[in-house]
file entry-v3.csv (CSV, C-alpha atoms)
chain,number,residue,atom,x,y,z
B,184,MET,CA,280.6,279.5,203.6
B,185,THR,CA,281.2,283.1,202.6
B,186,GLN,CA,279.4,284.0,199.4
B,187,MET,CA,281.8,285.2,196.7
B,188,SER,CA,281.6,288.8,195.5
B,189,MET,CA,283.3,290.2,192.4
B,190,THR,CA,282.7,293.9,193.4
B,191,ALA,CA,285.2,296.3,194.9
B,192,SER,CA,285.0,296.5,198.6
B,193,ASN,CA,283.0,299.8,198.6
B,194,ALA,CA,280.3,298.1,196.4
B,195,THR,CA,280.0,294.8,198.2
B,196,GLY,CA,276.5,294.3,199.6
B,197,LYS,CA,274.9,297.2,197.8
B,198,GLY,CA,271.4,296.9,196.4
B,199,ALA,CA,267.9,297.7,197.6
B,200,ASN,CA,264.5,298.2,196.0
B,201,ASP,CA,263.4,301.8,195.9
B,202,VAL,CA,260.3,302.0,198.1
B,203,VAL,CA,258.4,304.5,196.0
B,204,PHE,CA,258.8,302.6,192.7
B,205,ALA,CA,258.1,299.3,194.5
B,206,VAL,CA,254.8,300.7,195.6
B,207,LEU,CA,254.1,302.2,192.2
B,208,LYS,CA,254.6,298.7,190.6
B,209,LYS,CA,252.1,297.3,193.0
B,210,ALA,CA,249.6,300.0,192.1
B,211,ASN,CA,250.2,299.5,188.4
B,212,ASP,CA,249.7,295.8,188.7
B,213,ALA,CA,246.5,296.3,190.6
B,214,ILE,CA,245.3,298.8,187.9
B,215,ALA,CA,246.1,296.2,185.2
B,216,ARG,CA,244.0,293.7,187.1
B,217,TYR,CA,241.1,295.7,188.4
B,218,GLY,CA,241.1,299.0,186.4
B,219,LYS,CA,242.0,302.6,187.2
B,220,ASP,CA,238.7,303.4,188.9
B,221,LYS,CA,239.2,300.5,191.5
B,222,VAL,CA,242.7,301.6,192.5
B,223,VAL,CA,244.0,304.6,194.5
B,224,ASN,CA,247.5,305.3,193.4
B,225,GLY,CA,249.0,307.7,195.9
B,226,SER,CA,252.6,306.6,195.4
B,227,ILE,CA,254.5,308.6,192.8
B,228,GLY,CA,255.5,312.3,192.9
B,229,ALA,CA,254.1,313.0,189.4
B,230,ILE,CA,250.9,314.8,188.5
B,231,PHE,CA,248.0,312.7,187.1
B,232,ASP,CA,244.8,314.3,185.9
B,233,ASP,CA,241.3,313.4,187.2
B,234,GLU,CA,241.0,310.6,184.7
B,235,GLY,CA,244.1,309.0,186.2
B,236,ASN,CA,246.3,309.9,183.2
B,237,PHE,CA,249.8,311.2,183.2
B,238,ALA,CA,249.6,315.0,183.1
B,239,ALA,CA,251.7,317.2,180.8
B,240,MET,CA,251.7,320.9,180.0
B,241,PRO,CA,250.3,321.2,176.4
B,242,THR,CA,252.5,324.2,175.6
B,243,VAL,CA,255.7,322.5,176.8
B,244,ASP,CA,254.7,319.4,174.9
B,245,GLU,CA,254.1,321.3,171.6
B,246,TYR,CA,257.1,323.6,171.9
B,247,TYR,CA,259.5,320.7,172.7
B,248,ARG,CA,258.2,318.5,169.8
B,249,ASN,CA,258.7,321.3,167.3
B,250,MET,CA,262.4,322.0,168.2
B,251,PRO,CA,264.9,321.3,165.5
B,252,SER,CA,266.8,318.0,165.8
B,253,ALA,CA,270.1,319.8,166.4
B,254,GLU,CA,268.6,321.3,169.6
B,255,LEU,CA,267.0,318.1,170.7
B,256,MET,CA,269.8,315.6,170.0
B,257,ASN,CA,273.1,317.4,169.8
B,258,TYR,CA,275.6,317.6,172.7
B,259,ALA,CA,275.2,320.3,175.3
B,260,PRO,CA,278.4,321.9,176.8
B,261,ILE,CA,279.7,320.1,179.9
B,262,ALA,CA,278.5,322.8,182.3
B,263,GLY,CA,275.3,323.4,180.3
B,264,LEU,CA,274.2,325.8,177.6
B,265,PRO,CA,275.2,329.3,178.7
B,266,GLU,CA,271.7,330.6,178.0
B,267,PHE,CA,270.3,327.7,180.1
B,268,LEU,CA,272.6,328.6,183.1
B,269,ASP,CA,271.3,332.2,183.0
B,270,ALA,CA,267.7,330.9,182.6
B,271,ALA,CA,268.0,328.5,185.5
B,272,ILE,CA,269.1,331.4,187.8
B,273,GLU,CA,266.3,333.6,186.6
B,274,SER,CA,263.7,330.8,187.0
B,275,ALA,CA,264.9,329.9,190.5
B,276,PHE,CA,265.0,333.5,191.8
B,277,GLU,CA,262.6,335.4,189.6
B,278,ASP,CA,262.8,338.9,191.3
B,279,GLN,CA,264.1,337.7,194.6
B,280,LYS,CA,267.9,337.6,194.0
B,281,PRO,CA,270.1,338.5,197.0
B,282,GLU,CA,271.6,341.9,196.4
B,283,LYS,CA,275.1,341.3,197.5
B,284,ALA,CA,276.1,337.9,196.2
B,285,TYR,CA,277.9,336.1,193.4
B,286,ILE,CA,275.7,333.5,191.8
B,287,LYS,CA,276.7,330.7,189.5
B,288,SER,CA,274.9,327.7,188.1
B,289,ILE,CA,275.7,324.3,186.6
B,290,ALA,CA,273.4,322.0,184.6
B,291,THR,CA,272.5,318.7,186.3
B,292,PRO,CA,270.2,315.8,185.5
B,293,GLY,CA,267.3,317.0,187.6
B,294,GLY,CA,267.5,318.1,191.2
B,295,THR,CA,269.1,314.7,192.0
B,296,GLY,CA,272.2,315.6,190.2
B,297,ALA,CA,272.5,318.8,192.1
B,298,VAL,CA,272.1,317.0,195.4
B,299,ARG,CA,274.8,314.5,194.3
B,300,HIS,CA,277.3,317.2,193.6
B,301,VAL,CA,276.8,318.9,196.9
B,302,PHE,CA,277.1,315.7,198.9
B,303,TYR,CA,280.2,314.6,197.0
B,304,ASN,CA,282.1,317.9,196.7
B,305,TYR,CA,281.3,319.5,200.1
B,306,VAL,CA,281.0,316.6,202.5
B,307,GLU,CA,284.4,315.1,203.5
B,308,PRO,CA,284.8,311.4,202.8
B,309,GLY,CA,283.6,309.4,205.8
B,310,GLU,CA,281.9,312.4,207.4
B,311,LYS,CA,278.2,313.2,207.6
B,312,ALA,CA,275.7,315.6,206.2
B,313,LEU,CA,272.8,316.9,208.4
B,314,ILE,CA,269.4,316.2,206.9
B,315,PRO,CA,265.8,316.5,208.3
B,316,ASP,CA,264.3,313.5,210.0
B,317,TRP,CA,261.4,313.6,207.5
B,318,PHE,CA,263.3,313.3,204.2
B,319,TRP,CA,263.4,312.1,200.6
B,320,ALA,CA,264.9,308.6,200.9
B,321,ASN,CA,267.3,309.2,198.1
B,322,TYR,CA,269.4,311.6,200.2
B,323,LYS,CA,270.4,308.6,202.3
B,324,THR,CA,271.1,306.6,199.1
B,325,ILE,CA,273.3,309.3,197.5
B,326,LEU,CA,275.3,309.8,200.6
B,327,ALA,CA,275.9,306.1,201.0
B,328,GLU,CA,276.8,305.7,197.3
B,329,HIS,CA,279.6,308.2,197.9
B,330,LEU,CA,280.8,306.9,201.2
B,331,ARG,CA,279.3,309.7,203.2
B,332,GLY,CA,277.0,309.3,206.2
B,333,HIS,CA,274.1,311.3,207.6
B,334,GLU,CA,272.7,312.7,210.8
B,335,THR,CA,269.1,313.9,211.2
B,336,TYR,CA,267.6,316.9,212.9
B,337,GLN,CA,264.0,316.9,214.2
B,338,MET,CA,261.6,319.0,212.1
B,339,PHE,CA,258.6,318.8,214.4
B,340,ASP,CA,258.2,318.7,218.1
B,341,SER,CA,256.1,316.2,220.1
B,342,GLU,CA,252.9,318.2,219.2
B,343,TYR,CA,253.9,318.1,215.5
B,344,LYS,CA,254.7,321.8,215.3
B,345,PHE,CA,257.7,323.0,213.3
B,346,THR,CA,260.8,323.6,215.4
B,347,LEU,CA,264.4,324.8,214.8
B,348,ALA,CA,265.7,323.7,218.2
B,349,SER,CA,267.0,320.3,217.0
B,350,LEU,CA,268.6,321.8,213.9
B,351,LYS,CA,270.6,324.2,216.1
B,352,GLU,CA,271.6,321.6,218.6
B,353,LYS,CA,272.7,319.1,216.0
B,354,THR,CA,274.6,321.7,214.0
B,355,GLU,CA,276.6,322.9,217.0
B,356,LYS,CA,277.4,319.3,217.9
B,357,MET,CA,278.5,318.3,214.4
B,358,LEU,CA,280.6,321.4,213.9
B,359,LYS,CA,282.6,320.3,217.0
B,360,ALA,CA,283.4,317.0,215.3
B,361,GLN,CA,283.7,318.3,211.7
B,362,ASN,CA,285.3,321.4,210.2
B,363,SER,CA,282.8,321.4,207.3
B,364,LEU,CA,279.1,320.7,207.4
B,365,VAL,CA,276.4,320.4,204.7
B,366,ILE,CA,272.9,321.1,206.1
B,367,VAL,CA,269.8,320.1,203.9
B,368,PHE,CA,266.6,322.0,203.8
B,369,ASN,CA,263.8,320.8,201.5
B,370,THR,CA,261.5,323.8,201.3
B,371,PRO,CA,259.1,325.2,200.2
B,372,ALA,CA,256.5,322.3,199.8
B,373,HIS,CA,258.7,319.8,201.6
B,374,ASN,CA,258.8,316.2,200.4
B,375,PRO,CA,257.2,314.3,202.1
B,376,THR,CA,255.2,316.6,204.5
B,377,GLY,CA,254.2,319.6,202.4
B,378,TYR,CA,255.6,322.0,205.0
B,379,SER,CA,257.1,325.3,203.9
B,380,MET,CA,259.4,327.3,206.2
B,381,SER,CA,258.2,330.9,206.8
B,382,TYR,CA,260.3,334.0,206.0
B,383,GLU,CA,260.7,334.5,209.8
B,384,GLU,CA,261.9,331.0,210.3
B,385,TRP,CA,264.5,331.5,207.5
B,386,GLU,CA,265.6,334.8,209.2
B,387,GLU,CA,266.3,332.8,212.4
B,388,VAL,CA,268.2,330.1,210.5
B,389,VAL,CA,270.4,332.6,208.6
B,390,GLU,CA,271.2,334.5,211.8
B,391,PHE,CA,272.1,331.2,213.5
B,392,PHE,CA,274.5,330.2,210.8
B,393,LYS,CA,276.1,333.6,210.7
B,394,GLY,CA,276.9,333.0,214.4
B,395,CYS,CA,278.3,329.6,213.6
B,396,ALA,CA,280.5,331.1,210.9
B,397,GLN,CA,282.3,333.4,213.3
B,398,ASP,CA,284.7,330.5,213.7
B,399,LYS,CA,286.6,330.9,210.4
B,400,ASN,CA,287.9,327.4,210.6
B,401,LYS,CA,284.4,326.1,209.9
B,402,LYS,CA,282.9,325.7,206.5
B,403,ILE,CA,279.1,325.8,206.3
B,404,VAL,CA,277.2,324.7,203.2
B,405,LEU,CA,273.4,325.0,203.0
B,406,LEU,CA,271.6,322.9,200.5
B,407,VAL,CA,268.1,324.1,199.7
B,408,ASP,CA,266.2,321.5,197.7
B,409,MET,CA,263.6,323.6,196.0
B,410,ALA,CA,262.2,321.0,193.6
B,411,TYR,CA,258.5,321.9,194.4
B,412,ILE,CA,258.8,325.6,194.7
B,413,ASP,CA,256.6,326.3,191.7
B,414,TYR,CA,253.7,324.5,193.4
B,415,ALA,CA,254.1,326.2,196.7
B,416,GLY,CA,252.2,329.4,196.3
B,417,GLU,CA,252.6,332.9,194.9
B,418,PRO,CA,256.1,333.1,193.3
B,419,ALA,CA,257.4,336.3,194.9
B,420,GLU,CA,256.3,335.2,198.4
B,421,THR,CA,257.6,331.6,198.2
B,422,ARG,CA,261.0,333.0,197.0
B,423,ARG,CA,261.2,335.9,199.4
B,424,PHE,CA,263.6,334.0,201.7
B,425,LEU,CA,266.2,333.8,199.0
B,426,LYS,CA,267.0,337.5,199.5
B,427,LEU,CA,268.3,336.6,202.9
B,428,PHE,CA,271.4,335.0,201.3
B,429,SER,CA,272.9,338.4,200.7
B,430,ASP,CA,276.3,339.5,202.1
B,431,LEU,CA,276.9,336.3,204.0
B,432,PRO,CA,280.2,335.4,205.7
B,433,GLU,CA,282.7,334.0,203.2
B,434,ASN,CA,282.7,330.6,204.9
B,435,ILE,CA,278.9,330.1,204.2
B,436,LEU,CA,278.0,328.8,200.8
B,437,VAL,CA,274.4,328.4,199.9
B,438,THR,CA,273.4,325.9,197.2
B,439,LEU,CA,270.1,325.5,195.5
B,440,ALA,CA,268.9,322.2,193.8
B,441,PHE,CA,266.6,323.4,191.0
B,442,SER,CA,264.4,321.0,189.1
B,443,MET,CA,262.9,321.3,185.7
B,444,SER,CA,261.4,317.8,186.2
B,445,LYS,CA,258.8,319.2,188.6
B,446,SER,CA,258.4,322.8,187.3
B,447,PHE,CA,257.7,321.7,183.7
B,448,LEU,CA,256.4,318.2,184.3
B,449,VAL,CA,259.3,316.7,182.3
B,450,TYR,CA,260.5,314.2,184.9
B,451,GLY,CA,262.1,311.8,182.3
B,452,MET,CA,264.1,314.6,180.6
B,453,ARG,CA,266.3,314.7,183.7
B,454,SER,CA,267.1,318.4,183.7
B,455,GLY,CA,267.9,320.8,186.5
B,456,ALA,CA,270.7,322.9,187.9
B,457,LEU,CA,272.9,323.4,190.9
B,458,ILE,CA,273.0,327.1,191.8
B,459,GLY,CA,275.7,328.5,194.2
B,460,ILE,CA,275.4,331.7,196.2
B,461,SER,CA,278.5,333.2,197.9
B,462,SER,CA,279.7,336.6,199.0
B,463,SER,CA,283.1,335.7,197.6
B,464,GLN,CA,283.7,335.8,193.8
B,465,GLU,CA,286.6,333.4,194.3
B,466,ILE,CA,284.4,330.8,196.0
B,467,ALA,CA,281.7,331.2,193.4
B,468,GLU,CA,284.2,330.6,190.6
B,469,GLU,CA,285.5,327.6,192.5
B,470,PHE,CA,281.9,326.3,192.8
B,471,PHE,CA,281.6,326.5,189.0
B,472,ARG,CA,284.9,324.9,188.3
B,473,VAL,CA,284.6,322.0,190.7
B,474,ASN,CA,281.1,321.1,189.8
B,475,SER,CA,281.8,321.4,186.0
B,476,PHE,CA,284.6,318.9,186.6
B,477,SER,CA,282.2,316.6,188.3
B,478,ASN,CA,279.7,316.8,185.4
B,479,ARG,CA,282.4,315.5,183.1
B,480,GLY,CA,283.5,312.8,185.5
B,481,VAL,CA,279.9,311.5,186.2
B,482,TRP,CA,277.5,312.0,183.4
B,483,SER,CA,279.4,314.3,181.0
B,484,ASN,CA,276.7,316.2,179.2
B,485,GLY,CA,273.1,317.1,180.1
B,486,THR,CA,270.0,316.9,178.0
B,487,ARG,CA,270.3,319.7,175.5
B,488,GLY,CA,266.6,319.8,174.4
B,489,ALA,CA,265.4,320.5,178.0
B,490,GLN,CA,268.1,323.1,178.5
B,491,LYS,CA,267.1,324.9,175.3
B,492,LEU,CA,263.4,324.7,176.3
B,493,LEU,CA,264.0,326.6,179.6
B,494,ALA,CA,266.3,329.1,177.9
B,495,ASP,CA,263.6,329.9,175.3
B,496,VAL,CA,260.9,330.1,177.9
B,497,MET,CA,262.7,332.6,180.1
B,498,THR,CA,263.4,334.9,177.1
B,499,ASN,CA,259.8,334.7,175.7
B,500,PRO,CA,257.3,336.4,178.0
B,501,ASP,CA,254.2,335.1,176.1
B,502,LEU,CA,255.5,331.5,176.1
B,503,LYS,CA,256.3,331.7,179.8
B,504,GLN,CA,252.9,333.1,180.6
B,505,LYS,CA,251.2,330.2,178.8
B,506,ILE,CA,253.2,327.7,180.7
B,507,ASP,CA,252.7,329.5,184.0
B,508,ASN,CA,249.0,329.4,183.4
B,509,GLU,CA,249.0,325.7,182.8
B,510,ARG,CA,251.1,325.1,185.9
B,511,ASN,CA,248.8,327.2,188.0
B,512,ALA,CA,245.9,325.1,186.9
B,513,TYR,CA,247.6,322.0,188.1
B,514,THR,CA,248.6,323.7,191.4
B,515,LYS,CA,244.9,324.6,192.0
B,516,LEU,CA,243.9,321.0,191.2
B,517,ILE,CA,246.4,319.6,193.7
B,518,LYS,CA,245.2,322.1,196.3
B,519,LYS,CA,241.6,321.1,195.7
B,520,ARG,CA,242.5,317.5,196.4
B,521,SER,CA,244.6,318.4,199.4
B,522,ASP,CA,241.8,320.5,200.9
B,523,ILE,CA,239.3,317.6,200.7
B,524,PHE,CA,241.8,315.3,202.4
B,525,LEU,CA,242.7,317.9,205.1
B,526,GLN,CA,239.0,318.6,205.9
B,527,GLU,CA,238.1,315.0,206.2
B,528,ALA,CA,241.2,314.3,208.3
B,529,GLN,CA,240.1,317.0,210.7
B,530,GLU,CA,236.6,315.6,210.9
B,531,VAL,CA,237.7,312.1,211.7
B,532,GLY,CA,240.6,313.1,214.0
B,533,LEU,CA,243.4,311.8,211.7
B,534,GLN,CA,246.8,313.3,212.8
B,535,LEU,CA,248.8,314.8,209.9
B,536,LEU,CA,252.1,316.5,209.8
B,537,PRO,CA,251.9,320.3,209.2
B,538,PHE,CA,251.0,320.9,205.5
B,539,LYS,CA,251.1,324.1,203.6
B,540,ALA,CA,251.5,323.2,199.9
B,541,GLY,CA,252.9,320.8,197.4
B,542,PHE,CA,252.6,317.2,196.1
B,543,PHE,CA,252.5,315.3,199.4
B,544,ILE,CA,250.7,315.0,202.7
B,545,THR,CA,252.1,312.7,205.5
B,546,VAL,CA,250.4,310.8,208.2
B,547,PRO,CA,252.6,309.8,211.2
B,548,ALA,CA,252.4,306.1,212.1
B,549,ASP,CA,254.1,303.7,214.6
B,550,ASP,CA,254.2,300.9,212.0
B,551,PRO,CA,254.0,302.5,208.6
B,552,LYS,CA,254.5,299.3,206.6
B,553,ALA,CA,251.7,297.4,208.4
B,554,VAL,CA,249.3,300.3,207.8
B,555,ALA,CA,250.4,300.6,204.1
B,556,ASP,CA,249.9,296.9,203.7
B,557,LYS,CA,246.4,297.1,205.3
B,558,LEU,CA,245.5,300.0,202.9
B,559,GLY,CA,246.9,297.9,200.0
B,560,GLU,CA,244.4,295.2,200.7
B,561,ASN,CA,241.8,297.7,199.7
B,562,ASN,CA,243.8,298.8,196.6
B,563,ILE,CA,245.0,302.0,198.2
B,564,PHE,CA,248.7,302.4,197.6
B,565,VAL,CA,250.8,304.9,199.5
B,566,VAL,CA,254.5,305.0,200.5
B,567,PRO,CA,255.5,303.8,203.9
B,568,LEU,CA,258.3,306.0,205.4
B,569,GLN,CA,260.3,305.4,208.5
B,570,LYS,CA,257.8,307.1,210.7
B,571,GLY,CA,254.7,307.6,208.6
B,572,LEU,CA,252.8,307.3,205.3
B,573,ARG,CA,253.2,309.6,202.3
B,574,PHE,CA,250.1,310.3,200.3
B,575,ALA,CA,250.8,311.8,196.8
B,576,MET,CA,247.9,314.2,196.3
B,577,CYS,CA,249.4,315.0,192.9
B,578,SER,CA,248.6,311.6,191.5
B,579,ILE,CA,245.2,310.7,193.1
B,580,PRO,CA,242.1,311.8,191.0
B,581,THR,CA,239.9,314.2,192.9
B,582,HIS,CA,236.9,311.9,193.0
B,583,GLN,CA,239.0,309.3,194.9
B,584,ILE,CA,240.1,311.6,197.7
B,585,ALA,CA,236.8,311.5,199.7
B,586,GLY,CA,236.8,308.7,202.2
B,587,LEU,CA,240.6,308.2,202.1
B,588,ALA,CA,241.3,309.9,205.5
B,589,THR,CA,238.5,307.8,207.1
B,590,LYS,CA,240.0,304.5,205.6
B,591,THR,CA,243.5,305.5,206.8
B,592,LYS,CA,242.2,306.2,210.3
B,593,GLU,CA,240.6,302.8,210.4
B,594,ALA,CA,243.8,301.1,209.1
B,595,LEU,CA,245.8,302.8,211.8
B,596,LYS,CA,243.7,301.0,214.4
call {"tool": "encode", "arguments": {"input": "entry-v3.csv", "output": "structure tokens"}}
result
Amino acid sequence: MTQMSMTASNATGKGANDVVFAVLKKANDAIARYGKDKVVNGSIGAIFDDEGNFAAMPTVDEYYRNMPSAELMNYAPIAGLPEFLDAAIESAFEDQKPEKAYIKSIATPGGTGAVRHVFYNYVEPGEKALIPDWFWANYKTILAEHLRGHETYQMFDSEYKFTLASLKEKTEKMLKAQNSLVIVFNTPAHNPTGYSMSYEEWEEVVEFFKGCAQDKNKKIVLLVDMAYIDYAGEPAETRRFLKLFSDLPENILVTLAFSMSKSFLVYGMRSGALIGISSSQEIAEEFFRVNSFSNRGVWSNGTRGAQKLLADVMTNPDLKQKIDNERNAYTKLIKKRSDIFLQEAQEVGLQLLPFKAGFFITVPADDPKAVADKLGENNIFVVPLQKGLRFAMCSIPTHQIAGLATKTKEALK
């Protein structure tokens, strides 16, 4: 007997537990039962201090709490506060703006909202976006929610070295089947591997897409998910590749998913921006118009208080410096934890995916869930991916890192 459903056909059968938050619940349940010191919580992409407490930036906390109620609670404009839109561009690029380009931004609820708009407004219904084979699982969910599909390109070769060969092959293949194509890059400090593409690799990517764009019937949209850029290294160096998006062919649109959630540790405020880069003023204006319309049609207004916070920070050098200093301290803390894990992994022969910076390190595995379950028996909670295990260095206190690589190597057996 067929089970009755009251949903529209496009919604029938939807529903799944988010893996990250499911593992987080298990970790929190174990903490409640055994105590924080007995549990390793490597599940969530949020920074926790070395006492295992949620980490915030004191200057952000104090400044936000002292805002007038009208700035905290009133509506923001549909597209976002004008001063926020300027501030988001300044924060994303700093001094690395492309010289010949029109740049527009739209306020979104975190980087997730930015990704949503690109998938919905630039992938044709029923067609596919091209995403890396190591990816944030929500890409797949957002595409499915909007009746779009996905194809993956291989990030690393058989020796776990970064490669662009599969990206080029899949792009050429998909452009034969589709006249428009969205290609996702999650860099620098990629989630889940921690890999950052080099400037030279970006040069190769841009030249490749310029070649693809010689066919003027094709529309190419690059989505650069830069959520973790402020934890990836020296700002000018990590943003240097953005200058390559200058004077591109008119049929290439570059979009950036900018996240305040990570940069200011205000995950729950859900504030970010979608930034568009085009050599065509007309296409840049279309970008702003189309995505503003989507704002109204999906969530209407963003969080005014968070928008005002960024606007004030970017026009107040002293305030910005204080926050930068606090962020740098957390960046150093995560690097310290990562270095301990990387060193031990090398000593015990634990294979890792190439890591440069960021919140996460990934261990490839043939049966990730079985290994994660094995670690869970010892109150070590990490996220099983399709082809490996994601360790959130951001959330594991430093004193709990030593021995983790050894236990993971044993669990893999």
call {"tool": "residues_around", "arguments": {"input": "entry-v3.csv", "residues": "range 193-201 of chain B", "least_positions_apart": "3", "cutoff": "9 Å", "atoms": "only C-alpha atoms", "output": "mmCIF file with C-alpha atoms, in the frame of the given file"}}
result
data_model
loop_
_atom_site.group_PDB
_atom_site.id
_atom_site.type_symbol
_atom_site.label_atom_id
_atom_site.label_comp_id
_atom_site.auth_asym_id
_atom_site.auth_seq_id
_atom_site.Cartn_x
_atom_site.Cartn_y
_atom_site.Cartn_z
ATOM 1 C CA SER B 188 281.600 288.800 195.500
ATOM 2 C CA MET B 189 283.300 290.200 192.400
ATOM 3 C CA THR B 190 282.700 293.900 193.400
ATOM 4 C CA PHE B 204 258.800 302.600 192.700
ATOM 5 C CA ALA B 205 258.100 299.300 194.500
ATOM 6 C CA VAL B 206 254.800 300.700 195.600
ATOM 7 C CA ALA B 320 264.900 308.600 200.900
ATOM 8 C CA ASN B 321 267.300 309.200 198.100
ATOM 9 C CA GLU B 328 276.800 305.700 197.300
ATOM 10 C CA LEU B 330 280.800 306.900 201.200
#
call {"tool": "atom_distance", "arguments": {"input": "entry-v3.csv", "atom1": "CA of Asn257 in chain B", "atom2": "CA of Phe470 in chain B"}}
result
26.2 Å
call {"tool": "atom_distance", "arguments": {"input": "entry-v3.csv", "atom1": "CA of Gly532 in chain B", "atom2": "CA of Gln337 in chain B"}}
result
23.7 Å
call {"tool": "residues_near_point", "arguments": {"input": "entry-v3.csv", "point": "(284.8, 321.6, 206.9)", "cutoff": "10 Å", "atoms": "only C-alpha atoms", "output": "PyMOL selection string"}}
result
chain B and resi 305-307+310+358+360-365+400-404+434
call {"tool": "residues_around", "arguments": {"input": "entry-v3.csv", "residues": "range 286-294 of chain B", "least_positions_apart": "4", "cutoff": "7 Å", "atoms": "all atoms listed in the file", "output": "VMD selection string"}}
result
chain B and resid 262 to 263 268 272 298 410 440 to 444 453 to 461 467 471 475 485
call {"tool": "closest_residue", "arguments": {"input": "entry-v3.csv", "among": "B:Gln464, B:Thr324, B:Asn511, B:Gln569", "to": "Thr545 in chain B", "atoms": "only C-alpha atoms"}}
result
B:Gln569
call {"tool": "residues_around", "arguments": {"input": "entry-v3.csv", "residues": "Lys596 in chain B", "least_positions_apart": "2", "cutoff": "12 Å", "atoms": "only C-alpha atoms", "output": "PyMOL selection string"}}
result
chain B and resi 533+548-551+553-554+557-558+589-594
call {"tool": "write_last_selection", "arguments": {"input": "entry-v3.csv", "atoms": "C-alpha atoms", "output": "PDB file, keeping the file's coordinate frame"}}
result
ATOM      1  CA  LEU B 533     243.400 311.800 211.700  1.00  0.00           C
ATOM      2  CA  ALA B 548     252.400 306.100 212.100  1.00  0.00           C
ATOM      3  CA  ASP B 549     254.100 303.700 214.600  1.00  0.00           C
ATOM      4  CA  ASP B 550     254.200 300.900 212.000  1.00  0.00           C
ATOM      5  CA  PRO B 551     254.000 302.500 208.600  1.00  0.00           C
ATOM      6  CA  ALA B 553     251.700 297.400 208.400  1.00  0.00           C
ATOM      7  CA  VAL B 554     249.300 300.300 207.800  1.00  0.00           C
ATOM      8  CA  LYS B 557     246.400 297.100 205.300  1.00  0.00           C
ATOM      9  CA  LEU B 558     245.500 300.000 202.900  1.00  0.00           C
ATOM     10  CA  THR B 589     238.500 307.800 207.100  1.00  0.00           C
ATOM     11  CA  LYS B 590     240.000 304.500 205.600  1.00  0.00           C
ATOM     12  CA  THR B 591     243.500 305.500 206.800  1.00  0.00           C
ATOM     13  CA  LYS B 592     242.200 306.200 210.300  1.00  0.00           C
ATOM     14  CA  GLU B 593     240.600 302.800 210.400  1.00  0.00           C
ATOM     15  CA  ALA B 594     243.800 301.100 209.100  1.00  0.00           C
TER      16      ALA B 594
END
call {"tool": "atom_distance", "arguments": {"input": "entry-v3.csv", "atom1": "CA of Asp556 in chain B", "atom2": "CA of Arg520 in chain B"}}
result
23.1 Å
call {"tool": "closest_residue", "arguments": {"input": "entry-v3.csv", "among": "B:Pro375, B:Tyr513, B:Phe345, B:Ser578", "to": "Gly235 in chain B", "atoms": "only C-alpha atoms"}}
result
B:Ser578
call {"tool": "residues_around", "arguments": {"input": "entry-v3.csv", "residues": "Ile517 in chain B", "least_positions_apart": "3", "cutoff": "8 Å", "atoms": "only C-alpha atoms", "output": "number ranges by chain"}}
result
B: 513-514, 520-521, 541-542, 576-577
call {"tool": "residues_around", "arguments": {"input": "entry-v3.csv", "residues": "Lys353 in chain B", "least_positions_apart": "3", "cutoff": "10 Å", "atoms": "all atoms listed in the file", "output": "list in words"}}
result
Leu313, Glu334, Thr335, Tyr336, Gln337, Ala348, Ser349, Leu350, Lys356, Met357 and Leu358 of chain B
call {"tool": "closest_residue", "arguments": {"input": "entry-v3.csv", "among": "B:Ala540, B:Met409, B:Val531, B:Val473", "to": "Asn304 in chain B", "atoms": "all atoms listed in the file"}}
result
B:Val473
call {"tool": "closest_residue", "arguments": {"input": "entry-v3.csv", "among": "B:Leu536, B:Ala238, B:Ala555, B:Ala372", "to": "Glu342 in chain B", "atoms": "all atoms listed in the file"}}
result
B:Leu536
call {"tool": "closest_residue", "arguments": {"input": "entry-v3.csv", "among": "B:Val243, B:Ile579, B:Ala259, B:Ala213", "to": "Gln504 in chain B", "atoms": "all atoms listed in the file"}}
result
B:Val243
call {"tool": "closest_residue", "arguments": {"input": "entry-v3.csv", "among": "B:Tyr258, B:Lys311, B:Ile227, B:Gln490", "to": "Lys323 in chain B", "atoms": "all atoms listed in the file"}}
result
B:Lys311
